[in-house]
>>> print(open('protein_38.pdb').read())   # PDB, N, CA and C atoms and all ligand atoms
ATOM      1  N   MET A   1       2.139   8.810   6.354
ATOM      2  CA  MET A   1       2.484   7.938   5.231
ATOM      3  C   MET A   1       2.475   8.715   3.919
ATOM      4  N   SER A   2       3.524   8.587   3.136
ATOM      5  CA  SER A   2       3.635   9.407   1.940
ATOM      6  C   SER A   2       2.752   8.921   0.802
ATOM      7  N   ASP A   3       2.311   7.644   0.835
ATOM      8  CA  ASP A   3       1.456   7.197  -0.259
ATOM      9  C   ASP A   3      -0.025   7.453   0.009
ATOM     10  N   GLN A   4      -0.289   8.277   0.999
ATOM     11  CA  GLN A   4      -1.670   8.692   1.293
ATOM     12  C   GLN A   4      -2.358   9.238   0.042
ATOM     13  N   GLN A   5      -1.590   9.951  -0.777
ATOM     14  CA  GLN A   5      -2.190  10.606  -1.934
ATOM     15  C   GLN A   5      -2.358   9.683  -3.129
ATOM     16  N   THR A   6      -1.721   8.517  -3.092
ATOM     17  CA  THR A   6      -1.849   7.631  -4.239
ATOM     18  C   THR A   6      -2.757   6.438  -3.930
ATOM     19  N   THR A   7      -3.300   6.382  -2.711
ATOM     20  CA  THR A   7      -4.244   5.307  -2.408
ATOM     21  C   THR A   7      -5.666   5.821  -2.571
ATOM     22  N   THR A   8      -6.564   4.944  -2.925
ATOM     23  CA  THR A   8      -7.956   5.334  -3.108
ATOM     24  C   THR A   8      -8.735   5.143  -1.807
ATOM     25  N   SER A   9      -9.928   5.726  -1.741
ATOM     26  CA  SER A   9     -10.807   5.539  -0.586
ATOM     27  C   SER A   9     -11.026   4.055  -0.328
ATOM     28  N   ARG A  10     -11.196   3.318  -1.426
ATOM     29  CA  ARG A  10     -11.448   1.885  -1.303
ATOM     30  C   ARG A  10     -10.267   1.167  -0.650
ATOM     31  N   GLU A  11      -9.049   1.522  -1.087
ATOM     32  CA  GLU A  11      -7.863   0.880  -0.518
ATOM     33  C   GLU A  11      -7.697   1.258   0.953
ATOM     34  N   ARG A  12      -7.988   2.535   1.261
ATOM     35  CA  ARG A  12      -7.863   2.969   2.655
ATOM     36  C   ARG A  12      -8.913   2.291   3.529
ATOM     37  N   LEU A  13     -10.114   2.144   2.998
ATOM     38  CA  LEU A  13     -11.178   1.471   3.742
ATOM     39  C   LEU A  13     -10.738   0.066   4.138
ATOM     40  N   ARG A  14     -10.165  -0.676   3.171
ATOM     41  CA  ARG A  14      -9.736  -2.038   3.459
ATOM     42  C   ARG A  14      -8.598  -2.043   4.484
ATOM     43  N   MET A  15      -7.678  -1.071   4.336
ATOM     44  CA  MET A  15      -6.553  -0.988   5.263
ATOM     45  C   MET A  15      -7.046  -0.754   6.697
ATOM     46  N   TYR A  16      -8.016   0.155   6.851
ATOM     47  CA  TYR A  16      -8.533   0.435   8.190
ATOM     48  C   TYR A  16      -9.231  -0.778   8.787
ATOM     49  N   LEU A  17      -9.976  -1.487   7.954
ATOM     50  CA  LEU A  17     -10.675  -2.678   8.448
ATOM     51  C   LEU A  17      -9.679  -3.747   8.884
ATOM     52  N   VAL A  18      -8.636  -3.967   8.049
ATOM     53  CA  VAL A  18      -7.632  -4.986   8.373
ATOM     54  C   VAL A  18      -6.884  -4.601   9.648
ATOM     55  N   GLN A  19      -6.552  -3.309   9.767
ATOM     56  CA  GLN A  19      -5.830  -2.870  10.973
ATOM     57  C   GLN A  19      -6.695  -3.007  12.217
ATOM     58  N   ALA A  20      -7.972  -2.697  12.087
ATOM     59  CA  ALA A  20      -8.879  -2.843  13.223
ATOM     60  C   ALA A  20      -8.954  -4.309  13.652
ATOM     61  N   LEU A  21      -8.952  -5.193  12.643
ATOM     62  CA  LEU A  21      -9.032  -6.632  12.914
ATOM     63  C   LEU A  21      -7.827  -7.112  13.716
ATOM     64  N   THR A  22      -6.652  -6.555  13.419
ATOM     65  CA  THR A  22      -5.443  -6.982  14.131
ATOM     66  C   THR A  22      -5.348  -6.350  15.525
ATOM     67  N   ARG A  23      -6.182  -5.363  15.790
ATOM     68  CA  ARG A  23      -6.072  -4.639  17.059
ATOM     69  C   ARG A  23      -7.137  -5.012  18.084
ATOM     70  N   THR A  24      -8.044  -5.907  17.713
ATOM     71  CA  THR A  24      -9.091  -6.245  18.667
ATOM     72  C   THR A  24      -8.940  -7.687  19.139
ATOM     73  N   GLU A  25      -9.284  -7.934  20.380
ATOM     74  CA  GLU A  25      -9.280  -9.293  20.904
ATOM     75  C   GLU A  25     -10.704  -9.794  21.058
ATOM     76  N   SER A  26     -11.649  -8.928  20.755
ATOM     77  CA  SER A  26     -13.043  -9.299  20.933
ATOM     78  C   SER A  26     -13.550 -10.128  19.762
ATOM     79  N   ASP A  27     -14.026 -11.348  20.045
ATOM     80  CA  ASP A  27     -14.567 -12.211  18.988
ATOM     81  C   ASP A  27     -15.725 -11.537  18.274
ATOM     82  N   ASP A  28     -16.509 -10.808  19.054
ATOM     83  CA  ASP A  28     -17.679 -10.160  18.493
ATOM     84  C   ASP A  28     -17.264  -9.085  17.478
ATOM     85  N   VAL A  29     -16.281  -8.268  17.863
ATOM     86  CA  VAL A  29     -15.794  -7.214  16.962
ATOM     87  C   VAL A  29     -15.126  -7.850  15.743
ATOM     88  N   GLN A  30     -14.332  -8.916  15.963
ATOM     89  CA  GLN A  30     -13.686  -9.598  14.832
ATOM     90  C   GLN A  30     -14.713 -10.115  13.833
ATOM     91  N   TRP A  31     -15.799 -10.661  14.362
ATOM     92  CA  TRP A  31     -16.855 -11.196  13.486
ATOM     93  C   TRP A  31     -17.400 -10.092  12.582
ATOM     94  N   HIS A  32     -17.659  -8.937  13.181
ATOM     95  CA  HIS A  32     -18.211  -7.835  12.397
ATOM     96  C   HIS A  32     -17.204  -7.300  11.379
ATOM     97  N   LEU A  33     -15.935  -7.219  11.772
ATOM     98  CA  LEU A  33     -14.914  -6.724  10.843
ATOM     99  C   LEU A  33     -14.709  -7.699   9.685
ATOM    100  N   LYS A  34     -14.739  -9.007   9.985
ATOM    101  CA  LYS A  34     -14.599  -9.994   8.904
ATOM    102  C   LYS A  34     -15.784  -9.909   7.959
ATOM    103  N   ALA A  35     -16.955  -9.686   8.503
ATOM    104  CA  ALA A  35     -18.144  -9.530   7.654
ATOM    105  C   ALA A  35     -17.999  -8.283   6.783
ATOM    106  N   ALA A  36     -17.462  -7.212   7.350
ATOM    107  CA  ALA A  36     -17.261  -5.975   6.588
ATOM    108  C   ALA A  36     -16.255  -6.209   5.458
ATOM    109  N   LEU A  37     -15.185  -6.975   5.733
ATOM    110  CA  LEU A  37     -14.182  -7.264   4.700
ATOM    111  C   LEU A  37     -14.773  -8.131   3.590
ATOM    112  N   ARG A  38     -15.666  -9.059   3.961
ATOM    113  CA  ARG A  38     -16.320  -9.871   2.918
ATOM    114  C   ARG A  38     -17.171  -8.987   2.024
ATOM    115  N   GLU A  39     -17.862  -8.023   2.629
ATOM    116  CA  GLU A  39     -18.673  -7.100   1.827
ATOM    117  C   GLU A  39     -17.778  -6.231   0.948
ATOM    118  N   TRP A  40     -16.613  -5.849   1.489
ATOM    119  CA  TRP A  40     -15.662  -5.042   0.713
ATOM    120  C   TRP A  40     -15.279  -5.785  -0.563
ATOM    121  N   GLU A  41     -15.060  -7.142  -0.438
ATOM    122  CA  GLU A  41     -14.696  -7.952  -1.612
ATOM    123  C   GLU A  41     -15.803  -7.909  -2.668
ATOM    124  N   ASN A  42     -17.026  -7.703  -2.208
ATOM    125  CA  ASN A  42     -18.172  -7.737  -3.124
ATOM    126  C   ASN A  42     -18.487  -6.384  -3.750
ATOM    127  N   LEU A  43     -17.763  -5.358  -3.383
ATOM    128  CA  LEU A  43     -18.046  -4.042  -3.942
ATOM    129  C   LEU A  43     -17.814  -4.054  -5.450
ATOM    130  N   PRO A  44     -18.656  -3.382  -6.193
ATOM    131  CA  PRO A  44     -18.424  -3.321  -7.636
ATOM    132  C   PRO A  44     -17.155  -2.536  -7.923
ATOM    133  N   PRO A  45     -16.489  -2.810  -9.043
ATOM    134  CA  PRO A  45     -15.260  -2.085  -9.359
ATOM    135  C   PRO A  45     -15.523  -0.600  -9.581
ATOM    136  N   THR A  46     -14.559   0.214  -9.180
ATOM    137  CA  THR A  46     -14.680   1.659  -9.394
ATOM    138  C   THR A  46     -14.532   1.948 -10.883
ATOM    139  N   PRO A  47     -15.493   2.650 -11.495
ATOM    140  CA  PRO A  47     -15.351   2.960 -12.917
ATOM    141  C   PRO A  47     -14.174   3.888 -13.161
ATOM    142  N   LEU A  48     -13.461   3.655 -14.242
ATOM    143  CA  LEU A  48     -12.314   4.499 -14.568
ATOM    144  C   LEU A  48     -12.781   5.806 -15.186
ATOM    145  N   GLN A  49     -11.963   6.819 -15.034
ATOM    146  CA  GLN A  49     -12.298   8.145 -15.530
ATOM    147  C   GLN A  49     -11.163   8.626 -16.440
ATOM    148  N   GLU A  50     -11.517   9.444 -17.402
ATOM    149  CA  GLU A  50     -10.499   9.951 -18.318
ATOM    150  C   GLU A  50     -10.283  11.434 -18.058
ATOM    151  N   CYS A  51      -9.021  11.856 -18.010
ATOM    152  CA  CYS A  51      -8.713  13.273 -17.838
ATOM    153  C   CYS A  51      -9.102  14.019 -19.120
ATOM    154  N   PRO A  52      -9.939  15.065 -18.992
ATOM    155  CA  PRO A  52     -10.371  15.784 -20.193
ATOM    156  C   PRO A  52      -9.239  16.556 -20.866
ATOM    157  N   ILE A  53      -8.145  16.786 -20.153
ATOM    158  CA  ILE A  53      -7.051  17.588 -20.709
ATOM    159  C   ILE A  53      -6.005  16.730 -21.412
ATOM    160  N   CYS A  54      -5.480  15.708 -20.721
ATOM    161  CA  CYS A  54      -4.397  14.924 -21.328
ATOM    162  C   CYS A  54      -4.837  13.538 -21.777
ATOM    163  N   GLY A  55      -6.061  13.128 -21.375
ATOM    164  CA  GLY A  55      -6.558  11.843 -21.842
ATOM    165  C   GLY A  55      -6.116  10.660 -21.004
ATOM    166  N   LYS A  56      -5.395  10.925 -19.908
ATOM    167  CA  LYS A  56      -4.963   9.837 -19.022
ATOM    168  C   LYS A  56      -6.187   9.156 -18.414
ATOM    169  N   VAL A  57      -6.167   7.821 -18.348
ATOM    170  CA  VAL A  57      -7.295   7.068 -17.810
ATOM    171  C   VAL A  57      -6.882   6.402 -16.509
ATOM    172  N   GLY A  58      -7.756   6.477 -15.498
ATOM    173  CA  GLY A  58      -7.446   5.835 -14.228
ATOM    174  C   GLY A  58      -8.590   5.976 -13.253
ATOM    175  N   LEU A  59      -8.357   5.543 -12.008
ATOM    176  CA  LEU A  59      -9.365   5.701 -10.976
ATOM    177  C   LEU A  59      -9.631   7.190 -10.766
ATOM    178  N   PRO A  60     -10.908   7.567 -10.490
ATOM    179  CA  PRO A  60     -11.256   8.985 -10.351
ATOM    180  C   PRO A  60     -10.348   9.743  -9.388
ATOM    181  N   GLU A  61     -10.007   9.127  -8.249
ATOM    182  CA  GLU A  61      -9.139   9.819  -7.290
ATOM    183  C   GLU A  61      -7.746  10.061  -7.856
ATOM    184  N   ARG A  62      -7.256   9.079  -8.646
ATOM    185  CA  ARG A  62      -5.919   9.221  -9.222
ATOM    186  C   ARG A  62      -5.929  10.297 -10.305
ATOM    187  N   ILE A  63      -7.009  10.339 -11.078
ATOM    188  CA  ILE A  63      -7.103  11.347 -12.134
ATOM    189  C   ILE A  63      -7.159  12.743 -11.521
ATOM    190  N   GLN A  64      -7.902  12.893 -10.419
ATOM    191  CA  GLN A  64      -7.973  14.191  -9.751
ATOM    192  C   GLN A  64      -6.612  14.646  -9.256
ATOM    193  N   GLN A  65      -5.775  13.682  -8.877
ATOM    194  CA  GLN A  65      -4.499  14.036  -8.235
ATOM    195  C   GLN A  65      -3.311  13.977  -9.177
ATOM    196  N   HIS A  66      -3.492  13.495 -10.401
ATOM    197  CA  HIS A  66      -2.313  13.284 -11.261
ATOM    198  C   HIS A  66      -1.736  14.640 -11.702
ATOM    199  N   LYS A  67      -0.447  14.571 -12.011
ATOM    200  CA  LYS A  67       0.196  15.790 -12.519
ATOM    201  C   LYS A  67      -0.027  15.823 -14.009
ATOM    202  N   CYS A  68      -0.933  16.697 -14.401
ATOM    203  CA  CYS A  68      -1.322  16.740 -15.794
ATOM    204  C   CYS A  68      -0.145  17.207 -16.640
ATOM    205  N   THR A  69       0.067  16.517 -17.757
ATOM    206  CA  THR A  69       1.238  16.832 -18.579
ATOM    207  C   THR A  69       0.998  18.023 -19.491
ATOM    208  N   ASN A  70      -0.274  18.423 -19.654
ATOM    209  CA  ASN A  70      -0.554  19.571 -20.531
ATOM    210  C   ASN A  70      -0.811  20.853 -19.733
TER     211      ASN A  70
HETATM  212 ZN    ZN B 101      -4.406  15.167 -17.290
END
>>> encode(input="protein_38.pdb", output="structure tokens")
Amino acid sequence: MSDQQTTTSRERLRMYLVQALTRTESDDVQWHLKAALREWENLPPTPLQECPICGKVGLPERIQQHKCTN
């Protein structure tokens, strides 16, 4: 997937949980995955970070990967 580099750990975590949920027929596993997704909803927001070079503000992973204009 080409947007691998523009998604955050948090977004990937949710994607993996949702995909696991669609791939299991076990009620027990579904229960645990739904509980994990509820906890995911409760995660505190990721603090934004500012690029020290160009001043761009965004999620830390995005700032690490952005194409700095300076
Ligand atoms: Zn920058």
>>> residues_near_ligand(input="protein_38.pdb", ligand="ligand ZN 101 (chain B)", cutoff="6 Å", atoms="only N, CA and C atoms and all ligand atoms", output="JSON, numbers by chain")
{"A": [51, 52, 53, 54, 55, 56, 67, 68, 69, 70]}
>>> atom_distance(input="protein_38.pdb", atom1="atom N of Pro60 of chain A", atom2="atom C of Arg14 of chain A")
17.9 Å
>>> closest_residue(input="protein_38.pdb", among="A:Glu25, A:Leu48, A:Gln64, A:Leu59", to="Thr8 of chain A", atoms="only C-alpha atoms")
A:Leu59
>>> atom_distance(input="protein_38.pdb", atom1="atom CA of His66 of chain A", atom2="atom CA of Leu43 of chain A")
24.5 Å
>>> select_by_dssp(input="protein_38.pdb", residues="chain A", states="helix (DSSP H, G or I)", output="ChimeraX atom specification")
/A:2-5,9-23,27-41,60-65
>>> atom_distance(input="protein_38.pdb", atom1="atom C of Leu17 of chain A", atom2="atom C of Pro47 of chain A")
23.8 Å
>>> axis_aligned_box(input="protein_38.pdb", around="segment 13-19 of chain A", padding_each_side="6 Å", output="AutoDock Vina command-line options")
--center_x -8.5 --center_y -1.4 --center_z 7.6 --size_x 17.3 --size_y 19.1 --size_z 21.2
>>> residues_around(input="protein_38.pdb", residues="Arg10 of chain A", least_positions_apart="3", cutoff="12 Å", atoms="only C-alpha atoms", output="list of chain:residue names")
A:Thr6, A:Thr7, A:Leu13, A:Arg14, A:Met15, A:Tyr16, A:Leu17, A:Leu37, A:Glu39, A:Trp40, A:Glu41, A:Asn42, A:Leu43, A:Pro44, A:Pro45, A:Thr46, A:Leu59, A:Pro60, A:Glu61
>>> select_by_dssp(input="protein_38.pdb", residues="chain A", states="strand (DSSP E or B)", output="ChimeraX atom specification")
/A:49-50,57-58
>>> decode(input="protein_38.pdb", residues="segment 16-46 of chain A", atoms="N, CA and C atoms", output="mmCIF file, in the first residue's frame")
data_model
loop_
_atom_site.group_PDB
_atom_site.id
_atom_site.type_symbol
_atom_site.label_atom_id
_atom_site.label_comp_id
_atom_site.auth_asym_id
_atom_site.auth_seq_id
_atom_site.Cartn_x
_atom_site.Cartn_y
_atom_site.Cartn_z
ATOM 1 N N TYR A 16 -5.483 -2.660 11.675
ATOM 2 C CA TYR A 16 -5.210 -4.072 11.945
ATOM 3 C C TYR A 16 -6.292 -4.696 12.815
ATOM 4 N N LEU A 17 -6.756 -3.939 13.796
ATOM 5 C CA LEU A 17 -7.808 -4.462 14.674
ATOM 6 C C LEU A 17 -9.096 -4.699 13.892
ATOM 7 N N VAL A 18 -9.464 -3.716 13.036
ATOM 8 C CA VAL A 18 -10.695 -3.843 12.251
ATOM 9 C C VAL A 18 -10.583 -5.019 11.283
ATOM 10 N N GLN A 19 -9.405 -5.158 10.661
ATOM 11 C CA GLN A 19 -9.229 -6.273 9.715
ATOM 12 C C GLN A 19 -9.280 -7.617 10.427
ATOM 13 N N ALA A 20 -8.697 -7.682 11.610
ATOM 14 C CA ALA A 20 -8.739 -8.926 12.378
ATOM 15 C C ALA A 20 -10.186 -9.283 12.721
ATOM 16 N N LEU A 21 -10.964 -8.238 13.040
ATOM 17 C CA LEU A 21 -12.371 -8.442 13.402
ATOM 18 C C LEU A 21 -13.159 -9.042 12.243
ATOM 19 N N THR A 22 -12.842 -8.613 11.020
ATOM 20 C CA THR A 22 -13.573 -9.127 9.856
ATOM 21 C C THR A 22 -13.091 -10.525 9.451
ATOM 22 N N ARG A 23 -11.974 -10.955 10.006
ATOM 23 C CA ARG A 23 -11.396 -12.233 9.581
ATOM 24 C C ARG A 23 -11.617 -13.376 10.566
ATOM 25 N N THR A 24 -12.266 -13.088 11.687
ATOM 26 C CA THR A 24 -12.450 -14.160 12.655
ATOM 27 C C THR A 24 -13.926 -14.530 12.769
ATOM 28 N N GLU A 25 -14.194 -15.792 13.002
ATOM 29 C CA GLU A 25 -15.560 -16.239 13.233
ATOM 30 C C GLU A 25 -15.759 -16.563 14.702
ATOM 31 N N SER A 26 -14.690 -16.442 15.462
ATOM 32 C CA SER A 26 -14.770 -16.793 16.870
ATOM 33 C C SER A 26 -15.375 -15.661 17.690
ATOM 34 N N ASP A 27 -16.485 -15.945 18.386
ATOM 35 C CA ASP A 27 -17.124 -14.930 19.232
ATOM 36 C C ASP A 27 -16.164 -14.421 20.292
ATOM 37 N N ASP A 28 -15.352 -15.340 20.791
ATOM 38 C CA ASP A 28 -14.426 -14.982 21.850
ATOM 39 C C ASP A 28 -13.385 -13.976 21.337
ATOM 40 N N VAL A 29 -12.829 -14.263 20.158
ATOM 41 C CA VAL A 29 -11.833 -13.359 19.566
ATOM 42 C C VAL A 29 -12.494 -12.027 19.213
ATOM 43 N N GLN A 30 -13.719 -12.078 18.653
ATOM 44 C CA GLN A 30 -14.428 -10.833 18.320
ATOM 45 C C GLN A 30 -14.632 -9.963 19.552
ATOM 46 N N TRP A 31 -14.977 -10.608 20.658
ATOM 47 C CA TRP A 31 -15.202 -9.862 21.907
ATOM 48 C C TRP A 31 -13.938 -9.101 22.302
ATOM 49 N N HIS A 32 -12.807 -9.790 22.223
ATOM 50 C CA HIS A 32 -11.553 -9.150 22.611
ATOM 51 C C HIS A 32 -11.162 -8.031 21.645
ATOM 52 N N LEU A 33 -11.384 -8.246 20.351
ATOM 53 C CA LEU A 33 -11.043 -7.211 19.370
ATOM 54 C C LEU A 33 -11.942 -5.986 19.532
ATOM 55 N N LYS A 34 -13.234 -6.219 19.813
ATOM 56 C CA LYS A 34 -14.137 -5.078 20.031
ATOM 57 C C LYS A 34 -13.725 -4.314 21.276
ATOM 58 N N ALA A 35 -13.305 -5.027 22.291
ATOM 59 C CA ALA A 35 -12.831 -4.362 23.513
ATOM 60 C C ALA A 35 -11.577 -3.546 23.205
ATOM 61 N N ALA A 36 -10.694 -4.087 22.379
ATOM 62 C CA ALA A 36 -9.469 -3.370 22.005
ATOM 63 C C ALA A 36 -9.819 -2.100 21.225
ATOM 64 N N LEU A 37 -10.814 -2.183 20.326
ATOM 65 C CA LEU A 37 -11.224 -1.006 19.548
ATOM 66 C C LEU A 37 -11.853 0.054 20.451
ATOM 67 N N ARG A 38 -12.597 -0.389 21.473
ATOM 68 C CA ARG A 38 -13.165 0.594 22.416
ATOM 69 C C ARG A 38 -12.050 1.312 23.154
ATOM 70 N N GLU A 39 -11.014 0.568 23.534
ATOM 71 C CA GLU A 39 -9.877 1.199 24.214
ATOM 72 C C GLU A 39 -9.149 2.148 23.267
ATOM 73 N N TRP A 40 -9.069 1.756 21.988
ATOM 74 C CA TRP A 40 -8.422 2.614 20.986
ATOM 75 C C TRP A 40 -9.123 3.967 20.939
ATOM 76 N N GLU A 41 -10.501 3.945 21.012
ATOM 77 C CA GLU A 41 -11.271 5.199 20.985
ATOM 78 C C GLU A 41 -10.908 6.087 22.178
ATOM 79 N N ASN A 42 -10.485 5.450 23.259
ATOM 80 C CA ASN A 42 -10.201 6.198 24.489
ATOM 81 C C ASN A 42 -8.766 6.703 24.572
ATOM 82 N N LEU A 43 -7.950 6.387 23.599
ATOM 83 C CA LEU A 43 -6.562 6.831 23.652
ATOM 84 C C LEU A 43 -6.501 8.355 23.618
ATOM 85 N N PRO A 44 -5.607 8.938 24.376
ATOM 86 C CA PRO A 44 -5.479 10.393 24.318
ATOM 87 C C PRO A 44 -4.961 10.814 22.954
ATOM 88 N N PRO A 45 -5.278 12.029 22.510
ATOM 89 C CA PRO A 45 -4.807 12.475 21.201
ATOM 90 C C PRO A 45 -3.287 12.579 21.154
ATOM 91 N N THR A 46 -2.731 12.275 19.991
ATOM 92 C CA THR A 46 -1.282 12.395 19.815
ATOM 93 C C THR A 46 -0.909 13.872 19.794
#
